[in-house]
Amino acid sequence: MYQIVYKKHLNSAVTQMEIEAPLVARKAKPGQFIILRVDEEGERIPLTIAGANAEKGTVKIIFQVVGGTTEKLNHKEEGQYIQDFAGPLGMPTHLDGLKKVCIVGGGVGCAIALPVAEELHRLGAEVTSIIGFRSKDLVILEDAFAACSDKLIRMTDDGSWGRHGNVTIPLKEILENGNTFDRIITIGPLIMMKFVVETARPFDVPVTVSMNPIMIDGTGMCGGCRLTLHRDGERITKFACVDGPDFNGYEVDFDEAVSRGRMYTDFERHAYDKSCNLFKKA
């Protein structure tokens with residue numbers, strides 16, 4: 001059992017928790033993830049590690065309530081326990097040798113992008129962060145990004161905070177003005193990452209994307225998180241849980257990934273409604 005030692009609602013749909021998990025905290029690195037179960041009857045879900053404190057033995061997770069399991073998790077309070085918390089899993093984000101990097105985060109994906117930006121800042125890299133949300137009331141982690149970024153660009157779809165528009169607008173402006181980066185690292189909705197890749201393509205800047213498809217075991221055995229890459233004219237199958245979650249954005253078949261992700265939309269909605277009804281009855 002793993003105790004929840006801290007809980008904070010970042011907005012109406014996104015919650016931050018710190019979980020007491022000393023063994024995970026000791027080895028966790030930016031880009032890796034955990035798989036948890038809320039209770040003995042619960043499903044396994046992957047969540048990217050949003051930070052770890054080896055001295056305190058705690059791991060930070062940030063999640064959006066979208067289905068039954070995240071709804072159950074969101075009803076847990078400080079001092080209570082969750083059943084399983086396995087990790088760290090996946091490959092850490094490769095940051096060695098990077099001197100000038102652009103971090104592009106969208107929505108709750110910013111929670112995944114933040115520890116990467118913080119680690120780059122710690123290593124002495126020049127960090128430009130572009131973060132985007134649908135509206136002002138969904139903004140999270142602004143101060144934390146400001147603290148680790150040499151330049152922070154804020155975007156909202158409706159213009160209620162920062163600049164009006166999506167994250168590719170300032171990225172294109174920066175690249176067209178002759179500025180470049182050792183790497184662009186983008187984390188967020190699949191469609192956002194796809195267009196970040198297409199924006200960078202004419203400028204030949206390496207782009208790393210973080211893929212978070214459906215996972216079950218996190219060890220490459222179930223095949224649920226498979227992705228198709230296009231490399232040198234060949235179709236290559238990889239598994240996000242063991243080969244990722246980071247991949248070369250120019251190789252990822254985003255259309256297939258989006259199509260596969262939509263297969264579970266109705267199931268997640270049903271599980272969410274079922275969990276809500278259970279809590280209402282309680």
# chains A, B, ... in the order shown; residues from 1 in each chain; ligands from 1
call {"tool": "residues_around", "arguments": {"residues": "Lys27 (chain A)", "least_positions_apart": "2", "cutoff": "9 Å", "atoms": "only C-alpha atoms", "output": "mmCIF file with all heavy atoms, in the first residue's frame"}}
result
data_model
loop_
_atom_site.group_PDB
_atom_site.id
_atom_site.type_symbol
_atom_site.label_atom_id
_atom_site.label_comp_id
_atom_site.auth_asym_id
_atom_site.auth_seq_id
_atom_site.Cartn_x
_atom_site.Cartn_y
_atom_site.Cartn_z
ATOM 1 N N PRO A 22 9.374 5.248 -1.670
ATOM 2 C CA PRO A 22 10.820 5.509 -1.607
ATOM 3 C C PRO A 22 11.635 4.827 -2.692
ATOM 4 O O PRO A 22 12.566 5.438 -3.240
ATOM 5 C CB PRO A 22 11.207 4.983 -0.215
ATOM 6 C CG PRO A 22 9.951 4.981 0.570
ATOM 7 C CD PRO A 22 8.848 4.705 -0.407
ATOM 8 N N LEU A 23 11.321 3.578 -3.021
ATOM 9 C CA LEU A 23 12.107 2.869 -4.020
ATOM 10 C C LEU A 23 11.938 3.475 -5.411
ATOM 11 O O LEU A 23 12.889 3.549 -6.189
ATOM 12 C CB LEU A 23 11.721 1.388 -4.034
ATOM 13 C CG LEU A 23 12.017 0.605 -2.747
ATOM 14 C CD1 LEU A 23 11.584 -0.852 -2.894
ATOM 15 C CD2 LEU A 23 13.502 0.677 -2.399
ATOM 16 N N VAL A 24 10.730 3.914 -5.722
ATOM 17 C CA VAL A 24 10.488 4.568 -7.005
ATOM 18 C C VAL A 24 11.179 5.932 -7.037
ATOM 19 O O VAL A 24 11.833 6.294 -8.022
ATOM 20 C CB VAL A 24 8.978 4.718 -7.264
ATOM 21 C CG1 VAL A 24 8.744 5.394 -8.620
ATOM 22 C CG2 VAL A 24 8.281 3.373 -7.221
ATOM 23 N N ALA A 25 11.045 6.678 -5.956
ATOM 24 C CA ALA A 25 11.623 8.024 -5.891
ATOM 25 C C ALA A 25 13.138 7.996 -6.053
ATOM 26 O O ALA A 25 13.727 8.911 -6.642
ATOM 27 C CB ALA A 25 11.251 8.678 -4.563
ATOM 28 N N LYS A 29 13.524 9.212 -13.097
ATOM 29 C CA LYS A 29 14.147 10.263 -13.896
ATOM 30 C C LYS A 29 13.087 10.882 -14.814
ATOM 31 O O LYS A 29 12.070 10.252 -15.109
ATOM 32 C CB LYS A 29 15.299 9.688 -14.732
ATOM 33 C CG LYS A 29 16.455 9.179 -13.880
ATOM 34 C CD LYS A 29 17.587 8.663 -14.747
ATOM 35 C CE LYS A 29 18.747 8.173 -13.890
ATOM 36 N NZ LYS A 29 19.862 7.643 -14.717
ATOM 37 N N ALA A 52 10.112 13.805 -8.452
ATOM 38 C CA ALA A 52 10.443 12.844 -7.404
ATOM 39 C C ALA A 52 11.409 13.478 -6.422
ATOM 40 O O ALA A 52 12.281 14.270 -6.796
ATOM 41 C CB ALA A 52 11.066 11.581 -8.007
ATOM 42 N N ALA A 54 13.963 12.110 -3.721
ATOM 43 C CA ALA A 54 14.597 10.915 -3.166
ATOM 44 C C ALA A 54 14.773 11.019 -1.656
ATOM 45 O O ALA A 54 14.677 10.012 -0.946
ATOM 46 C CB ALA A 54 15.944 10.683 -3.850
ATOM 47 N N GLY A 87 7.070 1.163 -10.543
ATOM 48 C CA GLY A 87 7.929 1.957 -11.405
ATOM 49 C C GLY A 87 9.302 2.150 -10.786
ATOM 50 O O GLY A 87 9.606 1.546 -9.763
ATOM 51 N N PRO A 88 10.133 3.005 -11.385
ATOM 52 C CA PRO A 88 9.859 3.733 -12.632
ATOM 53 C C PRO A 88 9.962 2.831 -13.855
ATOM 54 O O PRO A 88 10.780 1.934 -13.911
ATOM 55 C CB PRO A 88 10.952 4.810 -12.648
ATOM 56 C CG PRO A 88 12.092 4.197 -11.870
ATOM 57 C CD PRO A 88 11.448 3.348 -10.812
#
call {"tool": "select_by_dssp", "arguments": {"residues": "region 18-140 of chain A", "states": "alpha helix (DSSP H)", "output": "PyMOL selection string"}}
result
chain A and resi 22-27+68-74+109-122
call {"tool": "closest_residue", "arguments": {"among": "A:Gln3, A:Thr70, A:Thr208, A:Thr156", "to": "Gly42 (chain A)", "atoms": "only C-alpha atoms"}}
result
A:Thr70
call {"tool": "select_by_dssp", "arguments": {"residues": "region 44-114 of chain A", "states": "strand (DSSP E or B)", "output": "PDB file with all heavy atoms, in the first residue's frame"}}
result
ATOM      1  N   ILE A  45      -3.401   1.796 -14.604  1.00  0.00           N
ATOM      2  CA  ILE A  45      -3.279   2.948 -15.503  1.00  0.00           C
ATOM      3  C   ILE A  45      -1.871   3.529 -15.395  1.00  0.00           C
ATOM      4  O   ILE A  45      -1.276   3.545 -14.311  1.00  0.00           O
ATOM      5  CB  ILE A  45      -4.318   4.054 -15.203  1.00  0.00           C
ATOM      6  CG1 ILE A  45      -4.125   4.648 -13.797  1.00  0.00           C
ATOM      7  CG2 ILE A  45      -5.733   3.538 -15.405  1.00  0.00           C
ATOM      8  CD1 ILE A  45      -4.861   5.947 -13.584  1.00  0.00           C
ATOM      9  N   PRO A  46      -1.312   4.005 -16.523  1.00  0.00           N
ATOM     10  CA  PRO A  46       0.012   4.636 -16.491  1.00  0.00           C
ATOM     11  C   PRO A  46      -0.122   6.138 -16.239  1.00  0.00           C
ATOM     12  O   PRO A  46      -1.015   6.794 -16.763  1.00  0.00           O
ATOM     13  CB  PRO A  46       0.543   4.368 -17.898  1.00  0.00           C
ATOM     14  CG  PRO A  46      -0.692   4.364 -18.756  1.00  0.00           C
ATOM     15  CD  PRO A  46      -1.823   3.848 -17.895  1.00  0.00           C
ATOM     16  N   LEU A  47       0.778   6.674 -15.435  1.00  0.00           N
ATOM     17  CA  LEU A  47       0.864   8.116 -15.220  1.00  0.00           C
ATOM     18  C   LEU A  47       2.335   8.505 -15.243  1.00  0.00           C
ATOM     19  O   LEU A  47       3.162   7.882 -14.570  1.00  0.00           O
ATOM     20  CB  LEU A  47       0.248   8.522 -13.879  1.00  0.00           C
ATOM     21  CG  LEU A  47      -1.278   8.389 -13.746  1.00  0.00           C
ATOM     22  CD1 LEU A  47      -1.704   8.680 -12.307  1.00  0.00           C
ATOM     23  CD2 LEU A  47      -1.992   9.328 -14.704  1.00  0.00           C
ATOM     24  N   THR A  48       2.661   9.517 -16.003  1.00  0.00           N
ATOM     25  CA  THR A  48       4.043   9.978 -16.070  1.00  0.00           C
ATOM     26  C   THR A  48       4.445  10.626 -14.757  1.00  0.00           C
ATOM     27  O   THR A  48       3.670  11.339 -14.137  1.00  0.00           O
ATOM     28  CB  THR A  48       4.228  10.965 -17.228  1.00  0.00           C
ATOM     29  OG1 THR A  48       3.819  10.334 -18.446  1.00  0.00           O
ATOM     30  CG2 THR A  48       5.681  11.384 -17.358  1.00  0.00           C
ATOM     31  N   ILE A  49       5.659  10.363 -14.337  1.00  0.00           N
ATOM     32  CA  ILE A  49       6.182  10.937 -13.100  1.00  0.00           C
ATOM     33  C   ILE A  49       6.392  12.439 -13.305  1.00  0.00           C
ATOM     34  O   ILE A  49       7.118  12.865 -14.201  1.00  0.00           O
ATOM     35  CB  ILE A  49       7.498  10.249 -12.711  1.00  0.00           C
ATOM     36  CG1 ILE A  49       7.223   8.785 -12.352  1.00  0.00           C
ATOM     37  CG2 ILE A  49       8.181  10.980 -11.555  1.00  0.00           C
ATOM     38  CD1 ILE A  49       8.471   7.937 -12.207  1.00  0.00           C
ATOM     39  N   ALA A  50       5.754  13.228 -12.467  1.00  0.00           N
ATOM     40  CA  ALA A  50       5.831  14.680 -12.584  1.00  0.00           C
ATOM     41  C   ALA A  50       6.891  15.270 -11.668  1.00  0.00           C
ATOM     42  O   ALA A  50       7.055  16.490 -11.621  1.00  0.00           O
ATOM     43  CB  ALA A  50       4.475  15.310 -12.271  1.00  0.00           C
ATOM     44  N   GLY A  51       7.606  14.440 -10.943  1.00  0.00           N
ATOM     45  CA  GLY A  51       8.666  14.884 -10.045  1.00  0.00           C
ATOM     46  C   GLY A  51       8.904  13.829  -8.985  1.00  0.00           C
ATOM     47  O   GLY A  51       8.022  13.035  -8.667  1.00  0.00           O
ATOM     48  N   ALA A  52      10.112  13.805  -8.452  1.00  0.00           N
ATOM     49  CA  ALA A  52      10.443  12.844  -7.404  1.00  0.00           C
ATOM     50  C   ALA A  52      11.409  13.478  -6.422  1.00  0.00           C
ATOM     51  O   ALA A  52      12.281  14.270  -6.796  1.00  0.00           O
ATOM     52  CB  ALA A  52      11.066  11.581  -8.007  1.00  0.00           C
ATOM     53  N   ASN A  53      11.236  13.145  -5.156  1.00  0.00           N
ATOM     54  CA  ASN A  53      12.112  13.632  -4.095  1.00  0.00           C
ATOM     55  C   ASN A  53      12.699  12.419  -3.388  1.00  0.00           C
ATOM     56  O   ASN A  53      12.036  11.775  -2.586  1.00  0.00           O
ATOM     57  CB  ASN A  53      11.323  14.502  -3.116  1.00  0.00           C
ATOM     58  CG  ASN A  53      12.222  15.196  -2.097  1.00  0.00           C
ATOM     59  OD1 ASN A  53      13.171  14.611  -1.582  1.00  0.00           O
ATOM     60  ND2 ASN A  53      11.914  16.458  -1.817  1.00  0.00           N
ATOM     61  N   THR A  58       9.214  10.497  -1.950  1.00  0.00           N
ATOM     62  CA  THR A  58       7.901  10.725  -2.535  1.00  0.00           C
ATOM     63  C   THR A  58       7.996  10.929  -4.048  1.00  0.00           C
ATOM     64  O   THR A  58       9.011  11.403  -4.567  1.00  0.00           O
ATOM     65  CB  THR A  58       7.212  11.954  -1.924  1.00  0.00           C
ATOM     66  OG1 THR A  58       8.031  13.117  -2.135  1.00  0.00           O
ATOM     67  CG2 THR A  58       6.986  11.751  -0.426  1.00  0.00           C
ATOM     68  N   VAL A  59       6.908  10.581  -4.721  1.00  0.00           N
ATOM     69  CA  VAL A  59       6.798  10.748  -6.167  1.00  0.00           C
ATOM     70  C   VAL A  59       5.563  11.584  -6.455  1.00  0.00           C
ATOM     71  O   VAL A  59       4.482  11.318  -5.917  1.00  0.00           O
ATOM     72  CB  VAL A  59       6.686   9.382  -6.873  1.00  0.00           C
ATOM     73  CG1 VAL A  59       6.471   9.572  -8.375  1.00  0.00           C
ATOM     74  CG2 VAL A  59       7.928   8.551  -6.615  1.00  0.00           C
ATOM     75  N   LYS A  60       5.723  12.580  -7.311  1.00  0.00           N
ATOM     76  CA  LYS A  60       4.612  13.464  -7.670  1.00  0.00           C
ATOM     77  C   LYS A  60       3.941  12.951  -8.941  1.00  0.00           C
ATOM     78  O   LYS A  60       4.612  12.607  -9.919  1.00  0.00           O
ATOM     79  CB  LYS A  60       5.116  14.889  -7.901  1.00  0.00           C
ATOM     80  CG  LYS A  60       4.024  15.914  -8.212  1.00  0.00           C
ATOM     81  CD  LYS A  60       4.613  17.238  -8.661  1.00  0.00           C
ATOM     82  CE  LYS A  60       5.505  17.862  -7.619  1.00  0.00           C
ATOM     83  NZ  LYS A  60       6.055  19.164  -8.090  1.00  0.00           N
ATOM     84  N   ILE A  61       2.616  12.887  -8.914  1.00  0.00           N
ATOM     85  CA  ILE A  61       1.840  12.571 -10.110  1.00  0.00           C
ATOM     86  C   ILE A  61       0.813  13.678 -10.318  1.00  0.00           C
ATOM     87  O   ILE A  61       0.326  14.268  -9.360  1.00  0.00           O
ATOM     88  CB  ILE A  61       1.129  11.206 -10.016  1.00  0.00           C
ATOM     89  CG1 ILE A  61       0.242  11.130  -8.760  1.00  0.00           C
ATOM     90  CG2 ILE A  61       2.144  10.070 -10.040  1.00  0.00           C
ATOM     91  CD1 ILE A  61      -0.612   9.877  -8.687  1.00  0.00           C
ATOM     92  N   ILE A  62       0.508  13.970 -11.564  1.00  0.00           N
ATOM     93  CA  ILE A  62      -0.514  14.946 -11.922  1.00  0.00           C
ATOM     94  C   ILE A  62      -1.406  14.287 -12.960  1.00  0.00           C
ATOM     95  O   ILE A  62      -0.919  13.777 -13.978  1.00  0.00           O
ATOM     96  CB  ILE A  62       0.104  16.242 -12.468  1.00  0.00           C
ATOM     97  CG1 ILE A  62       0.953  16.926 -11.383  1.00  0.00           C
ATOM     98  CG2 ILE A  62      -0.988  17.197 -12.956  1.00  0.00           C
ATOM     99  CD1 ILE A  62       1.696  18.172 -11.855  1.00  0.00           C
ATOM    100  N   PHE A  63      -2.703  14.263 -12.695  1.00  0.00           N
ATOM    101  CA  PHE A  63      -3.601  13.537 -13.582  1.00  0.00           C
ATOM    102  C   PHE A  63      -4.869  14.329 -13.845  1.00  0.00           C
ATOM    103  O   PHE A  63      -5.304  15.142 -13.032  1.00  0.00           O
ATOM    104  CB  PHE A  63      -3.958  12.165 -12.997  1.00  0.00           C
ATOM    105  CG  PHE A  63      -4.635  12.222 -11.653  1.00  0.00           C
ATOM    106  CD1 PHE A  63      -6.025  12.238 -11.541  1.00  0.00           C
ATOM    107  CD2 PHE A  63      -3.886  12.263 -10.482  1.00  0.00           C
ATOM    108  CE1 PHE A  63      -6.651  12.299 -10.307  1.00  0.00           C
ATOM    109  CE2 PHE A  63      -4.499  12.320  -9.229  1.00  0.00           C
ATOM    110  CZ  PHE A  63      -5.884  12.340  -9.152  1.00  0.00           C
ATOM    111  N   GLN A  64      -5.450  14.066 -15.007  1.00  0.00           N
ATOM    112  CA  GLN A  64      -6.723  14.658 -15.394  1.00  0.00           C
ATOM    113  C   GLN A  64      -7.819  13.613 -15.231  1.00  0.00           C
ATOM    114  O   GLN A  64      -7.635  12.446 -15.599  1.00  0.00           O
ATOM    115  CB  GLN A  64      -6.669  15.133 -16.840  1.00  0.00           C
ATOM    116  CG  GLN A  64      -7.920  15.873 -17.301  1.00  0.00           C
ATOM    117  CD  GLN A  64      -7.740  16.491 -18.677  1.00  0.00           C
ATOM    118  OE1 GLN A  64      -6.718  16.307 -19.327  1.00  0.00           O
ATOM    119  NE2 GLN A  64      -8.731  17.226 -19.120  1.00  0.00           N
ATOM    120  N   TYR A  81      -4.581   5.540   1.217  1.00  0.00           N
ATOM    121  CA  TYR A  81      -3.623   4.708   0.494  1.00  0.00           C
ATOM    122  C   TYR A  81      -4.187   4.266  -0.853  1.00  0.00           C
ATOM    123  O   TYR A  81      -5.398   4.170  -1.033  1.00  0.00           O
ATOM    124  CB  TYR A  81      -3.279   3.465   1.315  1.00  0.00           C
ATOM    125  CG  TYR A  81      -2.512   3.758   2.582  1.00  0.00           C
ATOM    126  CD1 TYR A  81      -3.184   4.168   3.735  1.00  0.00           C
ATOM    127  CD2 TYR A  81      -1.126   3.611   2.634  1.00  0.00           C
ATOM    128  CE1 TYR A  81      -2.488   4.434   4.908  1.00  0.00           C
ATOM    129  CE2 TYR A  81      -0.425   3.874   3.802  1.00  0.00           C
ATOM    130  CZ  TYR A  81      -1.109   4.280   4.933  1.00  0.00           C
ATOM    131  OH  TYR A  81      -0.417   4.543   6.090  1.00  0.00           O
ATOM    132  N   ILE A  82      -3.263   3.994  -1.787  1.00  0.00           N
ATOM    133  CA  ILE A  82      -3.620   3.325  -3.032  1.00  0.00           C
ATOM    134  C   ILE A  82      -2.940   1.963  -3.036  1.00  0.00           C
ATOM    135  O   ILE A  82      -1.939   1.741  -2.349  1.00  0.00           O
ATOM    136  CB  ILE A  82      -3.238   4.147  -4.274  1.00  0.00           C
ATOM    137  CG1 ILE A  82      -1.737   4.418  -4.318  1.00  0.00           C
ATOM    138  CG2 ILE A  82      -4.025   5.445  -4.315  1.00  0.00           C
ATOM    139  CD1 ILE A  82      -1.299   5.143  -5.578  1.00  0.00           C
ATOM    140  N   ASP A  84      -1.424  -0.160  -5.549  1.00  0.00           N
ATOM    141  CA  ASP A  84      -0.155  -0.462  -6.231  1.00  0.00           C
ATOM    142  C   ASP A  84       0.413   0.798  -6.868  1.00  0.00           C
ATOM    143  O   ASP A  84      -0.329   1.669  -7.344  1.00  0.00           O
ATOM    144  CB  ASP A  84      -0.360  -1.513  -7.321  1.00  0.00           C
ATOM    145  CG  ASP A  84      -0.826  -2.846  -6.771  1.00  0.00           C
ATOM    146  OD1 ASP A  84      -0.254  -3.292  -5.757  1.00  0.00           O
ATOM    147  OD2 ASP A  84      -1.764  -3.438  -7.339  1.00  0.00           O
ATOM    148  N   PHE A  85       1.750   0.844  -6.922  1.00  0.00           N
ATOM    149  CA  PHE A  85       2.446   2.001  -7.489  1.00  0.00           C
ATOM    150  C   PHE A  85       3.786   1.481  -8.006  1.00  0.00           C
ATOM    151  O   PHE A  85       4.791   1.497  -7.309  1.00  0.00           O
ATOM    152  CB  PHE A  85       2.638   3.061  -6.397  1.00  0.00           C
ATOM    153  CG  PHE A  85       2.984   4.437  -6.905  1.00  0.00           C
ATOM    154  CD1 PHE A  85       1.990   5.304  -7.337  1.00  0.00           C
ATOM    155  CD2 PHE A  85       4.300   4.873  -6.924  1.00  0.00           C
ATOM    156  CE1 PHE A  85       2.298   6.585  -7.779  1.00  0.00           C
ATOM    157  CE2 PHE A  85       4.620   6.151  -7.357  1.00  0.00           C
ATOM    158  CZ  PHE A  85       3.622   7.006  -7.787  1.00  0.00           C
ATOM    159  N   ALA A  86       3.795   0.975  -9.253  1.00  0.00           N
ATOM    160  CA  ALA A  86       4.962   0.275  -9.803  1.00  0.00           C
ATOM    161  C   ALA A  86       5.766   1.170 -10.737  1.00  0.00           C
ATOM    162  O   ALA A  86       5.221   1.819 -11.624  1.00  0.00           O
ATOM    163  CB  ALA A  86       4.512  -0.970 -10.543  1.00  0.00           C
ATOM    164  N   GLY A  87       7.070   1.163 -10.543  1.00  0.00           N
ATOM    165  CA  GLY A  87       7.929   1.957 -11.405  1.00  0.00           C
ATOM    166  C   GLY A  87       9.302   2.150 -10.786  1.00  0.00           C
ATOM    167  O   GLY A  87       9.606   1.546  -9.763  1.00  0.00           O
ATOM    168  N   PRO A  88      10.133   3.005 -11.385  1.00  0.00           N
ATOM    169  CA  PRO A  88       9.859   3.733 -12.632  1.00  0.00           C
ATOM    170  C   PRO A  88       9.962   2.831 -13.855  1.00  0.00           C
ATOM    171  O   PRO A  88      10.780   1.934 -13.911  1.00  0.00           O
ATOM    172  CB  PRO A  88      10.952   4.810 -12.648  1.00  0.00           C
ATOM    173  CG  PRO A  88      12.092   4.197 -11.870  1.00  0.00           C
ATOM    174  CD  PRO A  88      11.448   3.348 -10.812  1.00  0.00           C
ATOM    175  N   LEU A  89       9.101   3.110 -14.823  1.00  0.00           N
ATOM    176  CA  LEU A  89       9.030   2.342 -16.056  1.00  0.00           C
ATOM    177  C   LEU A  89       9.362   3.245 -17.249  1.00  0.00           C
ATOM    178  O   LEU A  89       9.272   4.466 -17.163  1.00  0.00           O
ATOM    179  CB  LEU A  89       7.631   1.748 -16.223  1.00  0.00           C
ATOM    180  CG  LEU A  89       7.165   0.817 -15.093  1.00  0.00           C
ATOM    181  CD1 LEU A  89       5.673   0.522 -15.237  1.00  0.00           C
ATOM    182  CD2 LEU A  89       7.969  -0.465 -15.081  1.00  0.00           C
ATOM    183  N   LYS A 100      20.501  24.086 -26.029  1.00  0.00           N
ATOM    184  CA  LYS A 100      19.427  25.023 -26.328  1.00  0.00           C
ATOM    185  C   LYS A 100      18.204  24.221 -26.760  1.00  0.00           C
ATOM    186  O   LYS A 100      18.215  23.573 -27.810  1.00  0.00           O
ATOM    187  CB  LYS A 100      19.845  25.995 -27.433  1.00  0.00           C
ATOM    188  CG  LYS A 100      18.859  27.121 -27.677  1.00  0.00           C
ATOM    189  CD  LYS A 100      19.389  28.101 -28.721  1.00  0.00           C
ATOM    190  CE  LYS A 100      18.403  29.249 -28.943  1.00  0.00           C
ATOM    191  NZ  LYS A 100      18.880  30.191 -29.977  1.00  0.00           N
ATOM    192  N   VAL A 101      17.160  24.272 -25.942  1.00  0.00           N
ATOM    193  CA  VAL A 101      16.018  23.378 -26.137  1.00  0.00           C
ATOM    194  C   VAL A 101      14.719  24.164 -26.055  1.00  0.00           C
ATOM    195  O   VAL A 101      14.598  25.107 -25.263  1.00  0.00           O
ATOM    196  CB  VAL A 101      16.007  22.255 -25.075  1.00  0.00           C
ATOM    197  CG1 VAL A 101      14.845  21.288 -25.323  1.00  0.00           C
ATOM    198  CG2 VAL A 101      17.336  21.504 -25.073  1.00  0.00           C
ATOM    199  N   CYS A 102      13.752  23.766 -26.866  1.00  0.00           N
ATOM    200  CA  CYS A 102      12.403  24.317 -26.781  1.00  0.00           C
ATOM    201  C   CYS A 102      11.464  23.238 -26.261  1.00  0.00           C
ATOM    202  O   CYS A 102      11.367  22.153 -26.839  1.00  0.00           O
ATOM    203  CB  CYS A 102      11.924  24.800 -28.154  1.00  0.00           C
ATOM    204  SG  CYS A 102      10.291  25.591 -28.115  1.00  0.00           S
ATOM    205  N   ILE A 103      10.796  23.538 -25.161  1.00  0.00           N
ATOM    206  CA  ILE A 103       9.803  22.644 -24.585  1.00  0.00           C
ATOM    207  C   ILE A 103       8.425  23.143 -24.997  1.00  0.00           C
ATOM    208  O   ILE A 103       8.093  24.305 -24.767  1.00  0.00           O
ATOM    209  CB  ILE A 103       9.891  22.617 -23.042  1.00  0.00           C
ATOM    210  CG1 ILE A 103      11.300  22.212 -22.589  1.00  0.00           C
ATOM    211  CG2 ILE A 103       8.830  21.704 -22.454  1.00  0.00           C
ATOM    212  CD1 ILE A 103      11.666  20.792 -22.895  1.00  0.00           C
ATOM    213  N   VAL A 104       7.625  22.279 -25.611  1.00  0.00           N
ATOM    214  CA  VAL A 104       6.281  22.656 -26.037  1.00  0.00           C
ATOM    215  C   VAL A 104       5.286  21.740 -25.327  1.00  0.00           C
ATOM    216  O   VAL A 104       5.246  20.536 -25.587  1.00  0.00           O
ATOM    217  CB  VAL A 104       6.103  22.554 -27.562  1.00  0.00           C
ATOM    218  CG1 VAL A 104       4.721  23.058 -27.965  1.00  0.00           C
ATOM    219  CG2 VAL A 104       7.191  23.335 -28.292  1.00  0.00           C
ATOM    220  N   GLY A 105       4.500  22.313 -24.419  1.00  0.00           N
ATOM    221  CA  GLY A 105       3.549  21.529 -23.647  1.00  0.00           C
ATOM    222  C   GLY A 105       2.127  21.984 -23.882  1.00  0.00           C
ATOM    223  O   GLY A 105       1.871  23.180 -24.053  1.00  0.00           O
ATOM    224  N   GLY A 106       1.210  21.027 -23.879  1.00  0.00           N
ATOM    225  CA  GLY A 106      -0.199  21.355 -24.073  1.00  0.00           C
ATOM    226  C   GLY A 106      -1.075  20.712 -23.022  1.00  0.00           C
ATOM    227  O   GLY A 106      -0.977  19.506 -22.772  1.00  0.00           O
TER     228      GLY A 106
END
call {"tool": "residues_around", "arguments": {"residues": "Glu142 (chain A)", "least_positions_apart": "2", "cutoff": "10 Å", "atoms": "only C-alpha atoms", "output": "list in words"}}
result
Cys110, Leu114, Ile131, Val139, Ile140, Ala144, Phe145, Ala146, Ala147, Leu152 and Arg154 of chain A
call {"tool": "residues_around", "arguments": {"residues": "Phe203 (chain A)", "least_positions_apart": "3", "cutoff": "9 Å", "atoms": "only C-alpha atoms", "output": "ChimeraX atom specification"}}
result
/A:175-176,180,199-200
call {"tool": "residues_around", "arguments": {"residues": "Val196 (chain A)", "least_positions_apart": "5", "cutoff": "12 Å", "atoms": "only C-alpha atoms", "output": "PyMOL selection string"}}
result
chain A and resi 102-106+130+166-172+175+184-191+201-203+205-209+249-250+254
call {"tool": "write_last_selection", "arguments": {"atoms": "C-alpha atoms", "output": "compact mmCIF listing (two decimals), in the first residue's frame"}}
result
# COMPACT_ATOMS: atom_id res chain seq x y z
CA CYS A 102 12.40 24.32 -26.78
CA ILE A 103 9.80 22.64 -24.59
CA VAL A 104 6.28 22.66 -26.04
CA GLY A 105 3.55 21.53 -23.65
CA GLY A 106 -0.20 21.36 -24.07
CA ILE A 130 5.80 27.30 -24.90
CA ASN A 166 -2.12 27.44 -30.38
CA VAL A 167 1.46 26.58 -29.49
CA THR A 168 2.63 26.20 -33.08
CA ILE A 169 2.18 29.93 -33.78
CA PRO A 170 5.09 31.20 -31.64
CA LEU A 171 7.17 28.13 -32.49
CA LYS A 172 6.88 28.92 -36.21
CA LEU A 175 12.06 29.29 -36.31
CA ILE A 184 12.29 20.46 -29.57
CA ILE A 185 10.59 18.32 -26.93
CA THR A 186 6.80 18.32 -27.14
CA ILE A 187 4.29 16.70 -24.80
CA GLY A 188 0.53 17.01 -25.02
CA PRO A 189 -2.46 15.84 -27.08
CA LEU A 190 -1.57 13.72 -30.10
CA ILE A 191 -2.93 16.24 -32.58
CA ARG A 201 9.89 19.81 -40.31
CA PRO A 202 10.87 22.55 -42.84
CA PHE A 203 13.58 23.73 -40.43
CA VAL A 205 15.11 20.61 -36.05
CA PRO A 206 15.04 17.27 -34.17
CA VAL A 207 11.71 16.74 -32.39
CA THR A 208 11.06 14.36 -29.52
CA VAL A 209 7.46 13.44 -28.73
CA GLY A 249 8.47 12.76 -33.88
CA TYR A 250 9.27 12.53 -37.59
CA PHE A 254 0.19 9.97 -35.63
call {"tool": "residues_around", "arguments": {"residues": "Ser12 (chain A)", "least_positions_apart": "3", "cutoff": "9 Å", "atoms": "only C-alpha atoms", "output": "VMD selection string"}}
result
chain A and resid 9 15 137 to 138
call {"tool": "write_last_selection", "arguments": {"atoms": "C-alpha atoms", "output": "PDB file, in the first residue's frame"}}
result
ATOM      1  CA  HIS A   9      -6.434  20.505  -7.141  1.00  0.00           C
ATOM      2  CA  THR A  15      -5.158  17.037  -9.516  1.00  0.00           C
ATOM      3  CA  ASP A 137      -9.197  28.501 -15.963  1.00  0.00           C
ATOM      4  CA  LEU A 138      -7.324  25.391 -17.143  1.00  0.00           C
TER       5      LEU A 138
END
call {"tool": "closest_residue", "arguments": {"among": "A:Met211, A:Val197, A:Ile4, A:Ala117", "to": "Thr228 (chain A)", "atoms": "only C-alpha atoms"}}
result
A:Met211
